[in-house]
Amino acid sequence: MKSKKEKSKTKKELKPEDIMKYEIANELGLGEKLYNVGWGGLTAEETGRIGGIITRRKKAIIEQINSLKIEKKA
């Protein structure tokens, strides 16, 4: 049986949303801080800013998909 330390070393496969989170953190200049202290080391303001940008990007993606569906119907 693996110890807790060994289990934490296994890499998880990142979901598209997780990739977007890391990209946004890097864009905001938080990549190095994130690498050093992890998500728990970011302030509420920093994580809130990342979350807000994710929400805006998701809405934009949904709008693009919907507009493409409307164009196909016409």
# chains A, B, ... in the order shown; residues from 1 in each chain; ligands from 1
$ select_by_dssp --residues "chain A" --states "helix (DSSP H, G or I)" --output "number ranges by chain"
A: 4-8, 16-27, 31-37, 39-41, 44-73
$ closest_atom_pairs --of "stretch 9-28 of chain A" --to "stretch 44-66 of chain A" --cutoff "8 Å" --atoms "only C-alpha atoms" --output "JSON lines"
{"residue": "A:Met20", "atom": "CA", "partner": "A:Ile54", "partner_atom": "CA", "distance": 7.3}
{"residue": "A:Lys21", "atom": "CA", "partner": "A:Ile50", "partner_atom": "CA", "distance": 6.8}
{"residue": "A:Ile24", "atom": "CA", "partner": "A:Ile50", "partner_atom": "CA", "distance": 6.3}
{"residue": "A:Ala25", "atom": "CA", "partner": "A:Ile50", "partner_atom": "CA", "distance": 6.6}
$ atom_distance --atom1 "atom CA of A:Lys12" --atom2 "atom CA of A:Trp39"
15.3 Å
$ residues_around --residues "A:Gly38" --least-positions-apart "5" --cutoff "12 Å" --atoms "only C-alpha atoms" --output "list of chain:residue names"
A:Tyr22, A:Ala25, A:Leu30, A:Gly31, A:Glu32, A:Lys33, A:Thr43, A:Thr47
$ decode --residues "stretch 22-60 of chain A" --atoms "N, CA and C atoms" --output "PDB file, in the first residue's frame"
ATOM      1  N   TYR A  22      -4.721  27.873 -14.898  1.00  0.00           N
ATOM      2  CA  TYR A  22      -3.280  28.101 -14.887  1.00  0.00           C
ATOM      3  C   TYR A  22      -2.886  29.167 -15.913  1.00  0.00           C
ATOM      4  N   GLU A  23      -3.513  29.151 -17.095  1.00  0.00           N
ATOM      5  CA  GLU A  23      -3.215  30.151 -18.106  1.00  0.00           C
ATOM      6  C   GLU A  23      -3.542  31.561 -17.599  1.00  0.00           C
ATOM      7  N   ILE A  24      -4.690  31.703 -16.974  1.00  0.00           N
ATOM      8  CA  ILE A  24      -5.103  33.006 -16.452  1.00  0.00           C
ATOM      9  C   ILE A  24      -4.171  33.454 -15.331  1.00  0.00           C
ATOM     10  N   ALA A  25      -3.810  32.537 -14.453  1.00  0.00           N
ATOM     11  CA  ALA A  25      -2.882  32.883 -13.365  1.00  0.00           C
ATOM     12  C   ALA A  25      -1.564  33.388 -13.937  1.00  0.00           C
ATOM     13  N   ASN A  26      -1.088  32.740 -14.983  1.00  0.00           N
ATOM     14  CA  ASN A  26       0.152  33.202 -15.620  1.00  0.00           C
ATOM     15  C   ASN A  26      -0.026  34.565 -16.260  1.00  0.00           C
ATOM     16  N   GLU A  27      -1.163  34.791 -16.912  1.00  0.00           N
ATOM     17  CA  GLU A  27      -1.435  36.087 -17.536  1.00  0.00           C
ATOM     18  C   GLU A  27      -1.456  37.211 -16.505  1.00  0.00           C
ATOM     19  N   LEU A  28      -1.929  36.906 -15.313  1.00  0.00           N
ATOM     20  CA  LEU A  28      -2.009  37.901 -14.244  1.00  0.00           C
ATOM     21  C   LEU A  28      -0.685  38.041 -13.480  1.00  0.00           C
ATOM     22  N   GLY A  29       0.317  37.278 -13.871  1.00  0.00           N
ATOM     23  CA  GLY A  29       1.612  37.353 -13.206  1.00  0.00           C
ATOM     24  C   GLY A  29       1.667  36.573 -11.913  1.00  0.00           C
ATOM     25  N   LEU A  30       0.768  35.617 -11.751  1.00  0.00           N
ATOM     26  CA  LEU A  30       0.712  34.839 -10.505  1.00  0.00           C
ATOM     27  C   LEU A  30       1.290  33.431 -10.660  1.00  0.00           C
ATOM     28  N   GLY A  31       1.846  33.140 -11.812  1.00  0.00           N
ATOM     29  CA  GLY A  31       2.353  31.793 -12.083  1.00  0.00           C
ATOM     30  C   GLY A  31       3.438  31.355 -11.124  1.00  0.00           C
ATOM     31  N   GLU A  32       4.402  32.233 -10.873  1.00  0.00           N
ATOM     32  CA  GLU A  32       5.505  31.878  -9.980  1.00  0.00           C
ATOM     33  C   GLU A  32       5.011  31.705  -8.541  1.00  0.00           C
ATOM     34  N   LYS A  33       4.143  32.603  -8.115  1.00  0.00           N
ATOM     35  CA  LYS A  33       3.588  32.502  -6.765  1.00  0.00           C
ATOM     36  C   LYS A  33       2.793  31.205  -6.624  1.00  0.00           C
ATOM     37  N   LEU A  34       2.024  30.883  -7.639  1.00  0.00           N
ATOM     38  CA  LEU A  34       1.227  29.664  -7.633  1.00  0.00           C
ATOM     39  C   LEU A  34       2.124  28.441  -7.544  1.00  0.00           C
ATOM     40  N   TYR A  35       3.221  28.460  -8.287  1.00  0.00           N
ATOM     41  CA  TYR A  35       4.166  27.342  -8.262  1.00  0.00           C
ATOM     42  C   TYR A  35       4.787  27.184  -6.876  1.00  0.00           C
ATOM     43  N   ASN A  36       5.106  28.303  -6.237  1.00  0.00           N
ATOM     44  CA  ASN A  36       5.788  28.267  -4.938  1.00  0.00           C
ATOM     45  C   ASN A  36       4.865  27.924  -3.775  1.00  0.00           C
ATOM     46  N   VAL A  37       3.657  28.494  -3.753  1.00  0.00           N
ATOM     47  CA  VAL A  37       2.796  28.326  -2.581  1.00  0.00           C
ATOM     48  C   VAL A  37       1.516  27.537  -2.865  1.00  0.00           C
ATOM     49  N   GLY A  38       1.200  27.306  -4.117  1.00  0.00           N
ATOM     50  CA  GLY A  38      -0.006  26.557  -4.457  1.00  0.00           C
ATOM     51  C   GLY A  38      -1.240  27.446  -4.418  1.00  0.00           C
ATOM     52  N   TRP A  39      -2.383  26.849  -4.764  1.00  0.00           N
ATOM     53  CA  TRP A  39      -3.633  27.609  -4.817  1.00  0.00           C
ATOM     54  C   TRP A  39      -4.015  28.158  -3.454  1.00  0.00           C
ATOM     55  N   GLY A  40      -3.709  27.435  -2.395  1.00  0.00           N
ATOM     56  CA  GLY A  40      -4.057  27.878  -1.043  1.00  0.00           C
ATOM     57  C   GLY A  40      -3.281  29.099  -0.587  1.00  0.00           C
ATOM     58  N   GLY A  41      -2.181  29.398  -1.237  1.00  0.00           N
ATOM     59  CA  GLY A  41      -1.361  30.541  -0.861  1.00  0.00           C
ATOM     60  C   GLY A  41      -1.765  31.837  -1.538  1.00  0.00           C
ATOM     61  N   LEU A  42      -2.717  31.765  -2.469  1.00  0.00           N
ATOM     62  CA  LEU A  42      -3.182  32.978  -3.139  1.00  0.00           C
ATOM     63  C   LEU A  42      -4.207  33.683  -2.253  1.00  0.00           C
ATOM     64  N   THR A  43      -4.301  34.986  -2.406  1.00  0.00           N
ATOM     65  CA  THR A  43      -5.279  35.742  -1.627  1.00  0.00           C
ATOM     66  C   THR A  43      -6.672  35.562  -2.220  1.00  0.00           C
ATOM     67  N   ALA A  44      -7.664  35.946  -1.467  1.00  0.00           N
ATOM     68  CA  ALA A  44      -9.045  35.869  -1.946  1.00  0.00           C
ATOM     69  C   ALA A  44      -9.227  36.773  -3.160  1.00  0.00           C
ATOM     70  N   GLU A  45      -8.569  37.915  -3.160  1.00  0.00           N
ATOM     71  CA  GLU A  45      -8.669  38.836  -4.293  1.00  0.00           C
ATOM     72  C   GLU A  45      -8.097  38.197  -5.555  1.00  0.00           C
ATOM     73  N   GLU A  46      -6.962  37.535  -5.420  1.00  0.00           N
ATOM     74  CA  GLU A  46      -6.317  36.906  -6.572  1.00  0.00           C
ATOM     75  C   GLU A  46      -7.160  35.762  -7.133  1.00  0.00           C
ATOM     76  N   THR A  47      -7.652  34.905  -6.243  1.00  0.00           N
ATOM     77  CA  THR A  47      -8.473  33.790  -6.723  1.00  0.00           C
ATOM     78  C   THR A  47      -9.801  34.285  -7.274  1.00  0.00           C
ATOM     79  N   GLY A  48     -10.340  35.343  -6.686  1.00  0.00           N
ATOM     80  CA  GLY A  48     -11.583  35.923  -7.188  1.00  0.00           C
ATOM     81  C   GLY A  48     -11.404  36.508  -8.575  1.00  0.00           C
ATOM     82  N   ARG A  49     -10.274  37.140  -8.801  1.00  0.00           N
ATOM     83  CA  ARG A  49      -9.987  37.706 -10.116  1.00  0.00           C
ATOM     84  C   ARG A  49      -9.892  36.582 -11.151  1.00  0.00           C
ATOM     85  N   ILE A  50      -9.199  35.497 -10.791  1.00  0.00           N
ATOM     86  CA  ILE A  50      -9.081  34.349 -11.697  1.00  0.00           C
ATOM     87  C   ILE A  50     -10.462  33.766 -11.984  1.00  0.00           C
ATOM     88  N   GLY A  51     -11.274  33.593 -10.951  1.00  0.00           N
ATOM     89  CA  GLY A  51     -12.620  33.052 -11.121  1.00  0.00           C
ATOM     90  C   GLY A  51     -13.497  33.933 -11.989  1.00  0.00           C
ATOM     91  N   GLY A  52     -13.383  35.236 -11.824  1.00  0.00           N
ATOM     92  CA  GLY A  52     -14.167  36.164 -12.635  1.00  0.00           C
ATOM     93  C   GLY A  52     -13.795  36.093 -14.100  1.00  0.00           C
ATOM     94  N   ILE A  53     -12.509  35.999 -14.374  1.00  0.00           N
ATOM     95  CA  ILE A  53     -12.054  35.903 -15.764  1.00  0.00           C
ATOM     96  C   ILE A  53     -12.494  34.583 -16.377  1.00  0.00           C
ATOM     97  N   ILE A  54     -12.441  33.499 -15.613  1.00  0.00           N
ATOM     98  CA  ILE A  54     -12.913  32.198 -16.104  1.00  0.00           C
ATOM     99  C   ILE A  54     -14.386  32.296 -16.485  1.00  0.00           C
ATOM    100  N   THR A  55     -15.177  32.913 -15.624  1.00  0.00           N
ATOM    101  CA  THR A  55     -16.616  33.056 -15.891  1.00  0.00           C
ATOM    102  C   THR A  55     -16.859  33.834 -17.173  1.00  0.00           C
ATOM    103  N   ARG A  56     -16.143  34.949 -17.352  1.00  0.00           N
ATOM    104  CA  ARG A  56     -16.305  35.747 -18.570  1.00  0.00           C
ATOM    105  C   ARG A  56     -15.919  34.960 -19.811  1.00  0.00           C
ATOM    106  N   ARG A  57     -14.830  34.218 -19.718  1.00  0.00           N
ATOM    107  CA  ARG A  57     -14.384  33.441 -20.882  1.00  0.00           C
ATOM    108  C   ARG A  57     -15.357  32.322 -21.221  1.00  0.00           C
ATOM    109  N   LYS A  58     -15.892  31.669 -20.182  1.00  0.00           N
ATOM    110  CA  LYS A  58     -16.876  30.608 -20.426  1.00  0.00           C
ATOM    111  C   LYS A  58     -18.122  31.166 -21.095  1.00  0.00           C
ATOM    112  N   LYS A  59     -18.582  32.327 -20.633  1.00  0.00           N
ATOM    113  CA  LYS A  59     -19.761  32.958 -21.239  1.00  0.00           C
ATOM    114  C   LYS A  59     -19.492  33.302 -22.699  1.00  0.00           C
ATOM    115  N   ALA A  60     -18.306  33.809 -22.987  1.00  0.00           N
ATOM    116  CA  ALA A  60     -17.953  34.160 -24.363  1.00  0.00           C
ATOM    117  C   ALA A  60     -17.928  32.919 -25.248  1.00  0.00           C
TER     118      ALA A  60
END
